[in-house]
$ cat work-v4.tsv   # TSV, C-alpha atoms and all ligand atoms
chain	number	residue	atom	x	y	z
Y	1	MET	CA	-13.78	16.43	-12.08
Y	2	THR	CA	-11.55	13.60	-13.25
Y	3	PHE	CA	-7.87	13.98	-13.89
Y	4	ASP	CA	-6.37	11.94	-16.68
Y	5	ILE	CA	-2.98	10.77	-15.59
Y	6	THR	CA	-0.50	10.70	-18.46
Y	7	PRO	CA	2.95	9.10	-18.74
Y	8	HIS	CA	4.38	12.58	-18.19
Y	9	ASP	CA	2.91	12.95	-14.71
Y	10	VAL	CA	4.54	11.88	-11.48
Y	11	LEU	CA	3.20	10.84	-8.09
Y	12	ILE	CA	5.39	11.87	-5.16
Y	13	VAL	CA	4.72	9.67	-2.13
Y	14	VAL	CA	5.97	11.51	0.94
Y	15	ASP	CA	7.42	9.80	4.02
Y	16	VAL	CA	5.21	6.72	4.38
Y	17	GLN	CA	7.59	5.40	7.03
Y	18	ASN	CA	7.06	3.31	10.14
Y	19	ASP	CA	7.71	6.17	12.57
Y	20	PHE	CA	4.85	8.18	11.03
Y	21	LEU	CA	2.44	5.24	11.21
Y	22	PRO	CA	0.55	3.87	14.25
Y	23	GLY	CA	3.08	2.56	16.77
Y	24	GLY	CA	5.80	4.86	15.44
Y	25	SER	CA	7.54	7.57	17.46
Y	26	LEU	CA	5.87	10.42	15.55
Y	27	ALA	CA	2.69	8.62	14.52
Y	28	VAL	CA	0.37	10.71	12.34
Y	29	PRO	CA	-3.25	10.04	13.36
Y	30	SER	CA	-4.82	7.51	10.95
Y	31	GLY	CA	-1.67	7.54	8.85
Y	32	ASP	CA	-2.15	3.86	8.02
Y	33	GLU	CA	-5.49	4.58	6.33
Y	34	ILE	CA	-3.79	6.15	3.33
Y	35	VAL	CA	-1.55	3.22	2.45
Y	36	PRO	CA	-4.08	1.15	0.45
Y	37	LEU	CA	-5.24	4.30	-1.32
Y	38	ILE	CA	-1.69	5.29	-2.27
Y	39	ASN	CA	-1.07	1.78	-3.59
Y	40	GLN	CA	-4.16	2.10	-5.76
Y	41	LEU	CA	-3.23	5.58	-6.98
Y	42	ALA	CA	0.34	4.55	-7.75
Y	43	ARG	CA	-0.89	1.96	-10.25
Y	44	ARG	CA	-2.22	4.82	-12.40
Y	45	PHE	CA	1.21	6.44	-12.65
Y	46	THR	CA	4.15	5.51	-14.84
Y	47	HIS	CA	6.42	7.62	-12.63
Y	48	VAL	CA	6.45	7.43	-8.85
Y	49	VAL	CA	9.02	9.06	-6.57
Y	50	LEU	CA	9.23	8.27	-2.85
Y	51	THR	CA	10.66	10.54	-0.18
Y	52	GLN	CA	12.18	9.22	3.03
Y	53	ASP	CA	12.86	11.29	6.16
Y	54	TRP	CA	16.37	10.18	7.16
Y	55	HIS	CA	17.96	11.74	10.24
Y	56	PRO	CA	21.19	11.12	12.12
Y	57	ALA	CA	20.53	10.15	15.78
Y	58	ASP	CA	21.60	13.63	16.99
Y	59	HIS	CA	19.53	15.60	14.50
Y	60	ILE	CA	18.85	19.24	15.37
Y	61	SER	CA	15.07	18.81	14.96
Y	62	PHE	CA	14.91	16.39	17.89
Y	63	ALA	CA	13.77	17.86	21.23
Y	64	SER	CA	16.17	15.38	22.86
Y	65	GLN	CA	19.06	17.51	21.52
Y	66	HIS	CA	17.87	20.68	23.28
Y	67	PRO	CA	17.84	20.25	27.07
Y	68	GLY	CA	14.78	21.74	28.73
Y	69	THR	CA	12.58	21.53	25.64
Y	70	GLN	CA	9.59	19.35	24.83
Y	71	PRO	CA	8.47	17.89	21.51
Y	72	PHE	CA	6.11	20.13	19.49
Y	73	GLN	CA	7.45	23.38	20.93
Y	74	THR	CA	9.37	25.68	18.59
Y	75	ILE	CA	12.86	27.16	18.82
Y	76	GLU	CA	14.74	29.68	16.71
Y	77	LEU	CA	17.62	28.32	14.64
Y	78	PRO	CA	19.91	30.18	12.22
Y	79	TYR	CA	17.65	29.20	9.29
Y	80	GLY	CA	14.37	30.08	11.01
Y	81	THR	CA	11.76	28.71	13.39
Y	82	GLN	CA	12.01	24.98	13.99
Y	83	VAL	CA	9.36	22.73	15.51
Y	84	LEU	CA	11.02	20.22	17.82
Y	85	TRP	CA	10.03	16.59	17.34
Y	86	PRO	CA	10.33	13.32	19.17
Y	87	ASP	CA	13.30	11.34	17.80
Y	88	HIS	CA	12.12	9.80	14.53
Y	89	CYS	CA	13.33	8.27	11.27
Y	90	VAL	CA	16.87	7.70	12.50
Y	91	TRP	CA	19.22	6.19	9.89
Y	92	ASP	CA	18.96	2.46	9.57
Y	93	THR	CA	16.28	1.98	12.21
Y	94	HIS	CA	12.98	0.17	11.72
Y	95	GLY	CA	11.16	3.48	12.22
Y	96	ALA	CA	12.95	5.01	9.24
Y	97	GLN	CA	12.01	2.19	6.88
Y	98	ILE	CA	9.34	2.81	4.29
Y	99	SER	CA	6.20	0.88	5.27
Y	100	ALA	CA	6.28	-2.74	4.15
Y	101	ASP	CA	2.59	-2.30	3.24
Y	102	LEU	CA	3.46	0.21	0.55
Y	103	ASP	CA	3.23	-1.76	-2.68
Y	104	ILE	CA	4.84	0.33	-5.43
Y	105	PRO	CA	7.42	-1.89	-7.12
Y	106	HIS	CA	7.65	0.48	-10.10
Y	107	ALA	CA	8.76	3.50	-7.99
Y	108	GLN	CA	11.97	4.67	-9.65
Y	109	LEU	CA	13.56	7.02	-7.14
Y	110	THR	CA	13.71	7.41	-3.38
Y	111	ILE	CA	14.90	10.80	-2.18
Y	112	ARG	CA	16.29	10.85	1.34
Y	113	LYS	CA	16.20	14.14	3.21
Y	114	GLY	CA	17.10	15.58	6.59
Y	115	TYR	CA	20.44	13.73	6.75
Y	116	ASN	CA	22.48	16.86	7.58
Y	117	ARG	CA	22.60	17.11	11.36
Y	118	GLY	CA	22.17	20.88	11.56
Y	119	VAL	CA	19.30	21.48	9.13
Y	120	ASP	CA	15.82	20.00	8.89
Y	121	SER	CA	14.26	19.18	5.54
Y	122	TYR	CA	10.51	18.80	5.29
Y	123	SER	CA	10.60	19.38	1.56
Y	124	GLY	CA	11.72	16.76	-0.90
Y	125	PHE	CA	13.32	19.53	-2.95
Y	126	GLN	CA	15.46	21.50	-0.53
Y	127	GLU	CA	16.47	21.78	3.10
Y	128	ALA	CA	15.01	24.26	5.55
Y	129	ASP	CA	17.92	26.65	4.92
Y	130	ARG	CA	16.17	27.12	1.53
Y	131	ARG	CA	19.52	26.73	-0.27
Y	132	THR	CA	20.68	23.12	-0.11
Y	133	ARG	CA	19.03	21.14	-2.90
Y	134	THR	CA	18.27	17.44	-2.82
Y	135	GLY	CA	18.45	16.98	-6.60
Y	136	LEU	CA	14.75	16.16	-7.02
Y	137	GLY	CA	14.13	19.33	-9.04
Y	138	GLY	CA	16.94	18.38	-11.42
Y	139	TYR	CA	15.64	14.83	-11.73
Y	140	LEU	CA	12.12	15.98	-12.64
Y	141	ALA	CA	13.48	18.54	-15.12
Y	142	GLU	CA	15.76	16.02	-16.81
Y	143	ARG	CA	12.92	13.50	-17.05
Y	144	ARG	CA	10.59	16.25	-18.34
Y	145	LEU	CA	8.09	15.62	-15.56
Y	146	ALA	CA	6.29	18.89	-14.94
Y	147	LYS	CA	2.96	17.80	-13.51
Y	148	ILE	CA	3.12	16.37	-10.03
Y	149	TYR	CA	0.67	14.90	-7.58
Y	150	VAL	CA	1.69	14.74	-3.92
Y	151	ALA	CA	0.33	12.41	-1.22
Y	152	GLY	CA	1.58	10.96	2.06
Y	153	LEU	CA	2.63	12.14	5.52
Y	154	ALA	CA	2.22	14.63	6.88
Y	155	THR	CA	-0.11	16.97	4.97
Y	156	ASP	CA	0.89	20.02	7.02
Y	157	PHE	CA	4.66	19.44	7.01
Y	158	CYS	CA	6.47	17.32	4.45
Y	159	VAL	CA	3.59	17.10	1.95
Y	160	ALA	CA	2.94	20.86	2.10
Y	161	TRP	CA	6.59	21.91	1.93
Y	162	THR	CA	7.24	19.54	-0.97
Y	163	ALA	CA	4.19	20.85	-2.83
Y	164	LEU	CA	5.09	24.49	-2.14
Y	165	ASP	CA	8.64	24.06	-3.43
Y	166	ALA	CA	7.38	22.27	-6.53
Y	167	ALA	CA	5.00	25.15	-7.22
Y	168	GLU	CA	7.81	27.63	-6.70
Y	169	ALA	CA	9.85	25.70	-9.27
Y	170	GLY	CA	7.05	26.32	-11.77
Y	171	LEU	CA	5.59	22.80	-11.72
Y	172	ASP	CA	1.88	22.07	-11.91
Y	173	VAL	CA	1.12	20.67	-8.44
Y	174	SER	CA	-1.85	19.03	-6.78
Y	175	VAL	CA	-2.14	17.50	-3.33
Y	176	ILE	CA	-4.38	14.45	-2.94
Y	177	GLU	CA	-6.11	15.29	0.32
Y	178	ASP	CA	-7.59	11.94	1.28
Y	179	ALA	CA	-4.33	10.15	0.45
Y	180	SER	CA	-2.56	12.32	3.03
Y	181	ARG	CA	-2.90	12.75	6.81
Y	182	ALA	CA	-1.83	15.63	9.05
Y	183	ILE	CA	-0.02	16.10	12.36
Y	184	ASP	CA	-2.03	19.33	12.94
Y	185	SER	CA	0.07	20.96	15.64
Y	186	ASN	CA	-0.94	24.52	16.65
Y	187	GLY	CA	-3.10	25.18	13.60
Y	188	SER	CA	-0.49	23.91	11.15
Y	189	LEU	CA	-2.99	22.13	8.90
Y	190	GLN	CA	-5.16	25.19	8.26
Y	191	GLN	CA	-2.06	27.28	7.69
Y	192	ALA	CA	-0.67	24.76	5.21
Y	193	TRP	CA	-3.86	24.69	3.12
Y	194	THR	CA	-3.97	28.50	3.11
Y	195	GLN	CA	-0.38	28.69	1.89
Y	196	MET	CA	-0.91	25.98	-0.70
Y	197	GLY	CA	-4.06	27.67	-1.97
Y	198	ALA	CA	-2.21	30.98	-2.32
Y	199	ALA	CA	0.51	29.20	-4.30
Y	200	GLY	CA	-2.05	27.85	-6.78
Y	201	ILE	CA	-1.67	24.26	-5.66
Y	202	GLY	CA	-4.61	22.03	-6.55
Y	203	ARG	CA	-6.50	20.20	-3.81
Y	204	LEU	CA	-8.17	17.04	-4.94
Y	205	MET	CA	-9.50	13.70	-3.76
Y	206	SER	CA	-8.37	10.28	-4.88
Y	207	ARG	CA	-11.71	9.67	-6.61
Y	208	ASP	CA	-10.81	12.55	-8.94
Y	209	ILE	CA	-8.06	10.31	-10.26
Y	210	LEU	CA	-9.44	6.84	-9.68
Y	211	GLY	CA	-12.92	7.72	-10.94
Y	301	LIG	C1	7.76	15.21	9.04
Y	301	LIG	C2	7.93	16.23	11.07
Y	301	LIG	C3	9.27	15.92	11.13
Y	301	LIG	C4	6.87	14.81	7.91
Y	301	LIG	C5	9.10	14.88	9.07
Y	301	LIG	O1	7.18	13.81	7.20
Y	301	LIG	O2	5.85	15.50	7.69
Y	301	LIG	N1	7.20	15.88	10.02
Y	301	LIG	N2	9.84	15.25	10.12
Y	302	ZN	ZN	11.84	14.57	10.33
$ encode --input "work-v4.tsv" --output "structure tokens" --more "lines below"
Ligand code: VGL
Ligand code: ZN
Amino acid sequence: MTFDITPHDVLIVVDVQNDFLPGGSLAVPSGDEIVPLINQLARRFTHVVLTQDWHPADHISFASQHPGTQPFQTIELPYGTQVLWPDHCVWDTHGAQISADLDIPHAQLTIRKGYNRGVDSYSGFQEADRRTRTGLGGYLAERRLAKIYVAGLATDFCVAWTALDAAEAGLDVSVIEDASRAIDSNGSLQQAWTQMGAAGIGRLMSRDILG
């Protein structure tokens, strides 16, 4: 099946940042393989939005802030269960920069997220407290962009949460599987696809768009 991209569609490119790429502090396996594909896909879209994980150095999602814990274990926080991560995407560090290999000069908006110390934000739409909005939903509504395609890092965290929130907002959402890569910690990838399937989110391959 081929999807015709129209000027009313938007590609959301999630967290293609140095820390999530090989050599980064939270490197997603083979994360670099998606960059050329995303560049190619982006050329088909009039509208591209980037998201950027953007944490203060003492962010609550960092295992380093919780003595006695290790990265990838979970803890309970007031807003729910939180996976603890290695320090990553700290404000104004090289690791937080969007990859220099991403070639999308026509991207119109970069949404930063996770900048409040006490709350994580996998989703580009809202923080993990499920109340604090980033403004992305308002932007898409005002620009009348209701059909969104999501790709990037990581499939099972920021891509999935962004897609799920978009679906909840009533948008038509598809995730481009081969233009995304997963962390896959404790079954998180399978769980993410199950949740996305239940939410009616499309699952497609880049050839479905590129032909
Ligand atoms: C992400 C873990 C922590 C992601 C961000 O971009 O998927 N994962 N922060
Ligand atoms: Zn993060």
$ residues_near_ligand --input "work-v4.tsv" --ligand "ligand ZN 302 (chain Y)" --cutoff "9 Å" --atoms "all atoms listed in the file" --output "PyMOL selection string"
chain Y and resi 26+53-55+59+61-62+85+87-90+113-114+120-122+158
$ closest_residue --input "work-v4.tsv" --among "Y:Met205, Y:Val48, Y:Leu109, Y:Val119" --to "ligand LIG 301 (chain Y)" --atoms "only C-alpha atoms and all ligand atoms"
Y:Val119
$ atom_distance --input "work-v4.tsv" --atom1 "CA of Phe3 (chain Y)" --atom2 "CA of Val150 (chain Y)"
13.8 Å
$ closest_residue --input "work-v4.tsv" --among "Y:Pro105, Y:Ile34, Y:Phe157, Y:Thr110" --to "Glu177 (chain Y)" --atoms "all atoms listed in the file"
Y:Ile34
$ residues_near_point --input "work-v4.tsv" --point "(-7.3, 8.3, 11.4)" --cutoff "12 Å" --atoms "only C-alpha atoms" --output "PDB file with C-alpha atoms, in the coordinates of the input"
ATOM      1  CA  LEU Y  21       2.440   5.240  11.210  1.00  0.00           C
ATOM      2  CA  PRO Y  22       0.550   3.870  14.250  1.00  0.00           C
ATOM      3  CA  ALA Y  27       2.690   8.620  14.520  1.00  0.00           C
ATOM      4  CA  VAL Y  28       0.370  10.710  12.340  1.00  0.00           C
ATOM      5  CA  PRO Y  29      -3.250  10.040  13.360  1.00  0.00           C
ATOM      6  CA  SER Y  30      -4.820   7.510  10.950  1.00  0.00           C
ATOM      7  CA  GLY Y  31      -1.670   7.540   8.850  1.00  0.00           C
ATOM      8  CA  ASP Y  32      -2.150   3.860   8.020  1.00  0.00           C
ATOM      9  CA  GLU Y  33      -5.490   4.580   6.330  1.00  0.00           C
ATOM     10  CA  ILE Y  34      -3.790   6.150   3.330  1.00  0.00           C
ATOM     11  CA  VAL Y  35      -1.550   3.220   2.450  1.00  0.00           C
ATOM     12  CA  ASP Y 178      -7.590  11.940   1.280  1.00  0.00           C
ATOM     13  CA  ALA Y 179      -4.330  10.150   0.450  1.00  0.00           C
ATOM     14  CA  SER Y 180      -2.560  12.320   3.030  1.00  0.00           C
ATOM     15  CA  ARG Y 181      -2.900  12.750   6.810  1.00  0.00           C
ATOM     16  CA  ALA Y 182      -1.830  15.630   9.050  1.00  0.00           C
ATOM     17  CA  ILE Y 183      -0.020  16.100  12.360  1.00  0.00           C
TER      18      ILE Y 183
END
$ atom_distance --input "work-v4.tsv" --atom1 "CA of Phe125 (chain Y)" --atom2 "CA of Gly95 (chain Y)"
22.2 Å
$ closest_residue --input "work-v4.tsv" --among "Y:Pro78, Y:Pro71, Y:Gly202, Y:Gly187" --to "ligand LIG 301 (chain Y)" --atoms "all atoms listed in the file"
Y:Pro71
$ residues_near_point --input "work-v4.tsv" --point "(5.6, 21.1, -3.0)" --cutoff "8 Å" --atoms "only C-alpha atoms" --output "list in words"
Ser123, Gly124, Phe125, Val150, Val159, Ala160, Trp161, Thr162, Ala163, Leu164, Asp165, Ala166, Ala167, Glu168 and Val173 of chain Y
$ closest_residue --input "work-v4.tsv" --among "Y:Ala199, Y:Asn18, Y:Ile209, Y:Tyr115" --to "Ala100 (chain Y)" --atoms "all atoms listed in the file"
Y:Asn18
$ residues_around --input "work-v4.tsv" --residues "Gly135 (chain Y)" --least-positions-apart "3" --cutoff "9 Å" --atoms "only C-alpha atoms" --output "list in words"
Ile111, Gly124, Phe125, Gln126, Gly138, Tyr139 and Leu140 of chain Y
$ closest_residue --input "work-v4.tsv" --among "Y:Ile176, Y:Ile201, Y:Leu77, Y:Val13" --to "ligand LIG 301 (chain Y)" --atoms "all atoms listed in the file"
Y:Val13
$ closest_residue --input "work-v4.tsv" --among "Y:Ala141, Y:Ile148, Y:Leu189, Y:Ala169" --to "ligand LIG 301 (chain Y)" --atoms "only C-alpha atoms and all ligand atoms"
Y:Leu189
